[in-house]
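File shown here: entry_10.pdb, holding PDB, C-alpha atoms, pLDDT in the B column.
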```pdb
ATOM      1  CA  MET A   1      83.478 100.993 123.561  1.00 37.00           C
ATOM      2  CA  VAL A   2      85.945 101.629 120.751  1.00 45.00           C
ATOM      3  CA  LEU A   3      87.846 104.876 121.246  1.00 47.00           C
ATOM      4  CA  MET A   4      89.502 106.232 118.146  1.00 47.00           C
ATOM      5  CA  GLN A   5      92.132 108.866 117.551  1.00 51.00           C
ATOM      6  CA  GLU A   6      92.552 109.417 113.835  1.00 52.00           C
ATOM      7  CA  GLN A   7      95.692 110.127 111.818  1.00 60.00           C
ATOM      8  CA  ASN A   8      95.471 111.013 108.115  1.00 57.00           C
ATOM      9  CA  SER A   9      98.504 111.218 105.895  1.00 89.00           C
ATOM     10  CA  ILE A  10     100.321 110.209 102.802  1.00 92.00           C
ATOM     11  CA  GLU A  11     102.718 107.431 103.699  1.00 94.00           C
ATOM     12  CA  VAL A  12     106.081 107.452 101.924  1.00 96.00           C
ATOM     13  CA  GLU A  13     108.346 104.499 102.675  1.00 97.00           C
ATOM     14  CA  VAL A  14     110.760 101.850 101.506  1.00 98.00           C
ATOM     15  CA  LYS A  15     111.817  98.529 102.971  1.00 98.00           C
ATOM     16  CA  ILE A  16     115.366  97.199 102.787  1.00 98.00           C
ATOM     17  CA  ALA A  17     116.353  93.596 103.491  1.00 98.00           C
ATOM     18  CA  ILE A  18     119.072  93.406 106.131  1.00 98.00           C
ATOM     19  CA  GLY A  19     121.159  90.688 107.718  1.00 94.00           C
ATOM     20  CA  ASP A  20     121.945  91.091 111.402  1.00 93.00           C
ATOM     21  CA  PRO A  21     119.766  93.722 113.142  1.00 97.00           C
ATOM     22  CA  ALA A  22     122.534  94.306 115.719  1.00 97.00           C
ATOM     23  CA  ALA A  23     124.812  95.851 113.062  1.00 96.00           C
ATOM     24  CA  VAL A  24     122.028  98.223 111.962  1.00 98.00           C
ATOM     25  CA  ILE A  25     121.266  99.151 115.578  1.00 98.00           C
ATOM     26  CA  GLU A  26     124.954  99.962 116.103  1.00 98.00           C
ATOM     27  CA  ARG A  27     125.006 102.170 112.992  1.00 98.00           C
ATOM     28  CA  LEU A  28     121.779 103.919 114.068  1.00 98.00           C
ATOM     29  CA  ALA A  29     123.418 104.754 117.412  1.00 98.00           C
ATOM     30  CA  GLU A  30     126.461 106.179 115.587  1.00 98.00           C
ATOM     31  CA  LEU A  31     124.041 108.378 113.594  1.00 98.00           C
ATOM     32  CA  ARG A  32     122.381 109.600 116.846  1.00 98.00           C
ATOM     33  CA  PHE A  33     119.106 107.711 116.377  1.00 98.00           C
ATOM     34  CA  GLN A  34     117.350 106.706 119.569  1.00 98.00           C
ATOM     35  CA  ALA A  35     114.830 103.953 120.187  1.00 97.00           C
ATOM     36  CA  ARG A  36     111.293 105.366 120.239  1.00 96.00           C
ATOM     37  CA  SER A  37     109.946 101.967 121.223  1.00 93.00           C
ATOM     38  CA  GLU A  38     111.471  98.815 122.572  1.00 93.00           C
ATOM     39  CA  ARG A  39     111.382  95.611 120.529  1.00 97.00           C
ATOM     40  CA  GLN A  40     107.756  94.493 120.586  1.00 97.00           C
ATOM     41  CA  PHE A  41     105.694  91.761 119.006  1.00 97.00           C
ATOM     42  CA  GLU A  42     103.288  92.931 116.301  1.00 98.00           C
ATOM     43  CA  SER A  43     100.327  91.016 114.882  1.00 98.00           C
ATOM     44  CA  ASN A  44      98.521  92.183 111.730  1.00 98.00           C
ATOM     45  CA  THR A  45      95.400  90.955 109.968  1.00 98.00           C
ATOM     46  CA  ILE A  46      94.479  92.153 106.483  1.00 98.00           C
ATOM     47  CA  TRP A  47      90.734  92.118 105.794  1.00 98.00           C
ATOM     48  CA  ASP A  48      89.228  91.820 102.310  1.00 98.00           C
ATOM     49  CA  THR A  49      86.091  90.818 100.475  1.00 98.00           C
ATOM     50  CA  ALA A  50      85.591  87.191  99.429  1.00 97.00           C
ATOM     51  CA  ASP A  51      86.589  88.067  95.856  1.00 97.00           C
ATOM     52  CA  GLU A  52      89.630  90.063  97.126  1.00 96.00           C
ATOM     53  CA  SER A  53      88.421  93.255  95.468  1.00 97.00           C
ATOM     54  CA  LEU A  54      90.398  95.462  97.883  1.00 97.00           C
ATOM     55  CA  ARG A  55      93.637  93.646  97.073  1.00 95.00           C
ATOM     56  CA  ALA A  56      92.864  93.842  93.354  1.00 96.00           C
ATOM     57  CA  SER A  57      92.453  97.614  93.617  1.00 97.00           C
ATOM     58  CA  GLY A  58      95.657  97.994  95.676  1.00 95.00           C
ATOM     59  CA  GLU A  59      93.808  98.919  98.874  1.00 97.00           C
ATOM     60  CA  ILE A  60      94.052  97.343 102.297  1.00 96.00           C
ATOM     61  CA  VAL A  61      92.147  97.384 105.553  1.00 98.00           C
ATOM     62  CA  ARG A  62      94.305  96.202 108.443  1.00 98.00           C
ATOM     63  CA  LEU A  63      93.880  95.557 112.148  1.00 98.00           C
ATOM     64  CA  ARG A  64      97.167  95.739 114.074  1.00 98.00           C
ATOM     65  CA  GLU A  65      98.251  94.989 117.627  1.00 97.00           C
ATOM     66  CA  TYR A  66     101.674  96.405 118.490  1.00 95.00           C
ATOM     67  CA  GLY A  67     102.499  96.095 122.149  1.00 90.00           C
ATOM     68  CA  PRO A  68      99.680  97.971 123.904  1.00 93.00           C
ATOM     69  CA  LEU A  69      98.546  99.724 120.685  1.00 94.00           C
ATOM     70  CA  LYS A  70      95.545  98.595 118.698  1.00 97.00           C
ATOM     71  CA  LEU A  71      95.081 100.231 115.288  1.00 97.00           C
ATOM     72  CA  VAL A  72      92.753 100.123 112.308  1.00 97.00           C
ATOM     73  CA  THR A  73      94.348 101.255 109.054  1.00 97.00           C
ATOM     74  CA  TYR A  74      93.130 101.930 105.550  1.00 97.00           C
ATOM     75  CA  LYS A  75      95.776 102.225 102.813  1.00 96.00           C
ATOM     76  CA  GLY A  76      94.945 103.411  99.322  1.00 97.00           C
ATOM     77  CA  PRO A  77      96.563 102.247  96.091  1.00 96.00           C
ATOM     78  CA  ALA A  78     100.315 102.869  95.925  1.00 93.00           C
ATOM     79  CA  GLN A  79     101.747 105.297  93.387  1.00 92.00           C
ATOM     80  CA  SER A  80     104.636 103.879  91.398  1.00 86.00           C
ATOM     81  CA  GLY A  81     108.150 105.172  91.901  1.00 92.00           C
ATOM     82  CA  LYS A  82     111.312 104.378  93.831  1.00 96.00           C
ATOM     83  CA  HIS A  83     109.431 105.044  97.094  1.00 97.00           C
ATOM     84  CA  LYS A  84     106.072 103.554  97.993  1.00 95.00           C
ATOM     85  CA  ARG A  85     103.628 106.469  98.310  1.00 96.00           C
ATOM     86  CA  ARG A  86     100.007 105.955  99.316  1.00 96.00           C
ATOM     87  CA  GLU A  87      97.196 107.416 101.342  1.00 96.00           C
ATOM     88  CA  GLU A  88      97.084 106.084 104.889  1.00 95.00           C
ATOM     89  CA  LEU A  89      94.225 106.627 107.330  1.00 95.00           C
ATOM     90  CA  GLU A  90      94.809 105.187 110.772  1.00 94.00           C
ATOM     91  CA  ALA A  91      92.991 105.280 114.098  1.00 94.00           C
ATOM     92  CA  ASP A  92      93.883 104.091 117.594  1.00 95.00           C
ATOM     93  CA  LEU A  93      91.384 101.724 119.186  1.00 95.00           C
ATOM     94  CA  SER A  94      90.762 100.557 122.720  1.00 94.00           C
ATOM     95  CA  SER A  95      89.821  97.099 121.367  1.00 94.00           C
ATOM     96  CA  LEU A  96      89.903  95.215 118.079  1.00 96.00           C
ATOM     97  CA  ALA A  97      87.068  92.881 119.103  1.00 96.00           C
ATOM     98  CA  VAL A  98      84.215  95.125 117.966  1.00 94.00           C
ATOM     99  CA  LEU A  99      85.690  95.669 114.499  1.00 96.00           C
ATOM    100  CA  GLU A 100      86.380  91.938 114.223  1.00 97.00           C
ATOM    101  CA  ARG A 101      82.604  91.506 114.637  1.00 97.00           C
ATOM    102  CA  ILE A 102      81.609  94.453 112.400  1.00 97.00           C
ATOM    103  CA  PHE A 103      83.853  93.660 109.426  1.00 98.00           C
ATOM    104  CA  PRO A 104      82.186  90.311 108.568  1.00 98.00           C
ATOM    105  CA  ARG A 105      78.796  92.050 108.611  1.00 97.00           C
ATOM    106  CA  LEU A 106      80.212  94.407 105.957  1.00 97.00           C
ATOM    107  CA  GLY A 107      81.395  91.518 103.788  1.00 97.00           C
ATOM    108  CA  LEU A 108      85.022  91.562 104.946  1.00 98.00           C
ATOM    109  CA  ARG A 109      86.951  88.513 106.090  1.00 98.00           C
ATOM    110  CA  PRO A 110      90.502  87.971 107.321  1.00 98.00           C
ATOM    111  CA  SER A 111      92.598  87.296 104.208  1.00 97.00           C
ATOM    112  CA  PHE A 112      96.216  87.429 105.399  1.00 98.00           C
ATOM    113  CA  ARG A 113      97.959  87.455 108.763  1.00 98.00           C
ATOM    114  CA  TYR A 114     101.527  88.491 109.356  1.00 98.00           C
ATOM    115  CA  GLU A 115     103.692  88.867 112.431  1.00 98.00           C
ATOM    116  CA  LYS A 116     106.947  90.559 113.255  1.00 98.00           C
ATOM    117  CA  TYR A 117     109.009  91.982 116.056  1.00 98.00           C
ATOM    118  CA  ARG A 118     109.436  95.714 115.556  1.00 98.00           C
ATOM    119  CA  THR A 119     111.712  98.348 117.079  1.00 97.00           C
ATOM    120  CA  GLU A 120     111.323 102.017 116.110  1.00 97.00           C
ATOM    121  CA  TYR A 121     114.086 104.624 115.920  1.00 98.00           C
ATOM    122  CA  VAL A 122     113.980 108.407 115.508  1.00 98.00           C
ATOM    123  CA  ARG A 123     116.539 111.183 115.392  1.00 98.00           C
ATOM    124  CA  SER A 124     115.936 114.459 117.238  1.00 97.00           C
ATOM    125  CA  GLY A 125     114.675 117.257 115.008  1.00 96.00           C
ATOM    126  CA  GLU A 126     113.659 114.943 112.146  1.00 96.00           C
ATOM    127  CA  HIS A 127     110.236 113.683 111.115  1.00 93.00           C
ATOM    128  CA  GLY A 128     111.292 110.337 109.659  1.00 97.00           C
ATOM    129  CA  ILE A 129     111.252 106.982 111.383  1.00 98.00           C
ATOM    130  CA  VAL A 130     113.430 103.896 110.984  1.00 98.00           C
ATOM    131  CA  THR A 131     111.963 100.572 112.028  1.00 98.00           C
ATOM    132  CA  ILE A 132     113.731  97.267 112.348  1.00 98.00           C
ATOM    133  CA  ASP A 133     111.336  94.440 111.552  1.00 98.00           C
ATOM    134  CA  GLU A 134     112.266  90.846 112.383  1.00 98.00           C
ATOM    135  CA  THR A 135     109.889  88.632 110.373  1.00 98.00           C
ATOM    136  CA  PRO A 136     109.481  84.916 109.652  1.00 98.00           C
ATOM    137  CA  ILE A 137     111.016  85.558 106.181  1.00 98.00           C
ATOM    138  CA  GLY A 138     113.990  87.644 107.310  1.00 98.00           C
ATOM    139  CA  ASN A 139     114.917  91.019 108.702  1.00 98.00           C
ATOM    140  CA  PHE A 140     114.071  94.378 107.158  1.00 98.00           C
ATOM    141  CA  ILE A 141     114.309  98.041 107.908  1.00 98.00           C
ATOM    142  CA  GLU A 142     111.563 100.425 106.916  1.00 98.00           C
ATOM    143  CA  LEU A 143     112.356 104.057 106.305  1.00 98.00           C
ATOM    144  CA  GLU A 144     109.265 106.257 106.470  1.00 97.00           C
ATOM    145  CA  GLY A 145     109.295 110.010 105.930  1.00 96.00           C
ATOM    146  CA  GLU A 146     109.778 112.504 103.144  1.00 96.00           C
ATOM    147  CA  ALA A 147     111.464 111.073 100.043  1.00 97.00           C
ATOM    148  CA  ALA A 148     114.620 113.161 100.482  1.00 97.00           C
ATOM    149  CA  TRP A 149     114.920 112.046 104.130  1.00 98.00           C
ATOM    150  CA  ILE A 150     114.541 108.404 103.085  1.00 98.00           C
ATOM    151  CA  ASP A 151     117.303 108.701 100.482  1.00 98.00           C
ATOM    152  CA  LEU A 152     119.649 110.548 102.866  1.00 98.00           C
ATOM    153  CA  THR A 153     119.066 108.104 105.719  1.00 98.00           C
ATOM    154  CA  ALA A 154     119.440 105.035 103.496  1.00 98.00           C
ATOM    155  CA  GLY A 155     122.767 106.449 102.293  1.00 98.00           C
ATOM    156  CA  GLU A 156     123.927 107.131 105.854  1.00 98.00           C
ATOM    157  CA  LEU A 157     123.079 103.537 106.727  1.00 98.00           C
ATOM    158  CA  GLY A 158     125.048 102.299 103.705  1.00 97.00           C
ATOM    159  CA  TYR A 159     122.144 101.178 101.495  1.00 98.00           C
ATOM    160  CA  PRO A 160     121.929 102.285  97.849  1.00 98.00           C
ATOM    161  CA  GLU A 161     118.604 103.008  96.135  1.00 97.00           C
ATOM    162  CA  SER A 162     118.960  99.676  94.341  1.00 98.00           C
ATOM    163  CA  SER A 163     118.242  97.958  97.690  1.00 98.00           C
ATOM    164  CA  TYR A 164     114.815  99.638  98.047  1.00 98.00           C
ATOM    165  CA  LEU A 165     111.804  97.347  98.226  1.00 97.00           C
ATOM    166  CA  THR A 166     108.366  98.888  97.748  1.00 96.00           C
ATOM    167  CA  GLY A 167     106.281  95.744  98.085  1.00 94.00           C
ATOM    168  CA  SER A 168     104.059  95.021 101.053  1.00 95.00           C
ATOM    169  CA  TYR A 169     104.927  92.269 103.511  1.00 97.00           C
ATOM    170  CA  ALA A 170     102.234  90.166 101.824  1.00 95.00           C
ATOM    171  CA  THR A 171     103.994  90.584  98.457  1.00 95.00           C
ATOM    172  CA  LEU A 172     107.428  89.878  99.959  1.00 97.00           C
ATOM    173  CA  TYR A 173     106.020  86.771 101.647  1.00 98.00           C
ATOM    174  CA  VAL A 174     104.432  85.421  98.450  1.00 97.00           C
ATOM    175  CA  ASN A 175     107.696  86.024  96.545  1.00 97.00           C
ATOM    176  CA  HIS A 176     109.631  84.268  99.327  1.00 97.00           C
ATOM    177  CA  CYS A 177     107.302  81.252  99.146  1.00 98.00           C
ATOM    178  CA  ARG A 178     107.585  81.103  95.350  1.00 97.00           C
ATOM    179  CA  ALA A 179     111.382  81.159  95.567  1.00 97.00           C
ATOM    180  CA  LEU A 180     111.240  78.204  97.976  1.00 97.00           C
ATOM    181  CA  GLY A 181     108.548  76.375  96.030  1.00 97.00           C
ATOM    182  CA  ILE A 182     106.108  76.339  98.947  1.00 96.00           C
ATOM    183  CA  MET A 183     102.426  77.249  99.111  1.00 97.00           C
ATOM    184  CA  PRO A 184     101.811  80.680 100.723  1.00 96.00           C
ATOM    185  CA  SER A 185      99.578  80.804 103.781  1.00 96.00           C
ATOM    186  CA  HIS A 186     100.198  83.363 106.517  1.00 97.00           C
ATOM    187  CA  MET A 187     103.497  85.002 107.475  1.00 98.00           C
ATOM    188  CA  ILE A 188     103.523  83.954 111.109  1.00 98.00           C
ATOM    189  CA  PHE A 189     106.160  82.574 113.431  1.00 97.00           C
ATOM    190  CA  ALA A 190     106.156  78.845 114.087  1.00 91.00           C
ATOM    191  CA  LYS A 191     104.581  78.034 117.429  1.00 82.00           C
ATOM    192  CA  ALA A 192     106.767  76.072 119.803  1.00 63.00           C
TER     193      ALA A 192
END
```
As a first step, turn the structure in this file into structure tokens.
Amino acid sequence: MVLMQEQNSIEVEVKIAIGDPAAVIERLAELRFQARSERQFESNTIWDTADESLRASGEIVRLREYGPLKLVTYKGPAQSGKHKRREELEADLSSLAVLERIFPRLGLRPSFRYEKYRTEYVRSGEHGIVTIDETPIGNFIELEGEAAWIDLTAGELGYPESSYLTGSYATLYVNHCRALGIMPSHMIFAKA
């Protein structure tokens, strides 16, 4: 059985490339942010049609495992601007296995996999969230919340608006591969 709890919203976020996560964690503590989750491994699979029509329209369907959480997410096309703004529909699942069997019957196939280690931070009385993402292509923070909160928090952390990235991890990965002259595949950690 797949149990779902649905969340509907407009997602507003930016990513910022960072160096050492420890320095950001120290600054978050100075700003009274507290860890909402411990550092956990996260695995994501983007599903698309064979002709990549979802990607072409700016939409995604994603299955995510984050620690004990299992989520299905739909994201609509992003609106342009200094912050990425898009519709996000997300539901908690008890298992991904059923959807992994249903999606191919609907013409969807796994098109891109990406992994990261994520830690989430919140500050009491605020609705925004700061995540530290350690990925195979580098470290990033994501600031998600209202636009004004994002700008204020980025400033408190010492990052100007010019450091904002609004691309998806798939886009950042492809750009990373191009810069290195390598063929993109999946953004996953090397297995030992």
Test item: axis-aligned box, all listed atoms of region 158-170 of chain A, 8 Å on each side, centre and edges in Å rounded to one decimal, as AutoDock Vina command-line options:
```
--center_x 113.6 --center_y 96.6 --center_z 99.0 --size_x 38.8 --size_y 28.8 --size_z 25.4
```
- Would you list the residues near (94.6, 93.6, 106.6) (no more than 9 Å away, in the coordinates of the file, using all atoms listed in the file) as number ranges by chain? A: 44-48, 60-64, 72-74, 110-113
- Go through the shown structure with the PyMOL selection byres ((chain A and resi 81) around 12) and write out the matching residues as JSON, numbers by chain. {"A": [12, 13, 14, 78, 79, 80, 82, 83, 84, 85, 86, 147, 161, 164, 165, 166, 167]}
Output file for the residues above (C-alpha atoms, as an mmCIF file, in the frame of the given file):
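After the write, result.cif holds the following:
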```cif
data_model
loop_
_atom_site.group_PDB
_atom_site.id
_atom_site.type_symbol
_atom_site.label_atom_id
_atom_site.label_comp_id
_atom_site.auth_asym_id
_atom_site.auth_seq_id
_atom_site.Cartn_x
_atom_site.Cartn_y
_atom_site.Cartn_z
ATOM 1 C CA VAL A 12 106.081 107.452 101.924
ATOM 2 C CA GLU A 13 108.346 104.499 102.675
ATOM 3 C CA VAL A 14 110.760 101.850 101.506
ATOM 4 C CA ALA A 78 100.315 102.869 95.925
ATOM 5 C CA GLN A 79 101.747 105.297 93.387
ATOM 6 C CA SER A 80 104.636 103.879 91.398
ATOM 7 C CA LYS A 82 111.312 104.378 93.831
ATOM 8 C CA HIS A 83 109.431 105.044 97.094
ATOM 9 C CA LYS A 84 106.072 103.554 97.993
ATOM 10 C CA ARG A 85 103.628 106.469 98.310
ATOM 11 C CA ARG A 86 100.007 105.955 99.316
ATOM 12 C CA ALA A 147 111.464 111.073 100.043
ATOM 13 C CA GLU A 161 118.604 103.008 96.135
ATOM 14 C CA TYR A 164 114.815 99.638 98.047
ATOM 15 C CA LEU A 165 111.804 97.347 98.226
ATOM 16 C CA THR A 166 108.366 98.888 97.748
ATOM 17 C CA GLY A 167 106.281 95.744 98.085
#
```
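Across A:Gly158, A:Pro136, A:Ser9, A:Ser163, the tightest approach to Lys191 (chain A) is made by A:Pro136 when counting only C-alpha atoms.
Near Glu115 (chain A), within 12 Å and counting only C-alpha atoms, sit A:Gln40, A:Phe41, A:Glu42, A:Ser43, A:Asn44, A:Thr45, A:Ile46, A:Leu63, A:Arg64, A:Glu65, A:Tyr66, A:Asp133, A:Glu134, A:Thr135, A:Pro136, A:Ile137, A:Gly138, A:Tyr169, A:Ala170, A:Tyr173, A:His186, A:Met187, A:Ile188, A:Phe189, A:Ala190, A:Lys191; same-chain residues fewer than 6 positions away were not included.
Using all atoms listed in the file, the smallest distance between any of A:Glu52, A:Glu88, A:Thr119, A:Gly107 and Pro21 (chain A) comes from A:Thr119.
Across the structure, CA of Lys70 (chain A) and CA of Ser37 (chain A) are spaced 15.0 Å apart.
With CA of Asp151 (chain A) on one side and CA of His127 (chain A) on the other, the separation reads 13.7 Å.
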- Item | CA of Leu157 (chain A) to CA of Glu126 (chain A), distance in Å rounded to a single decimal | 15.8 Å
- Given the file shown, enumerate the residues that the PyMOL selection byres ((chain A and resi 30-32) around 12) captures and present them as a VMD selection string. chain A and resid 23 to 29 33 to 35 121 to 126 130 152 to 158
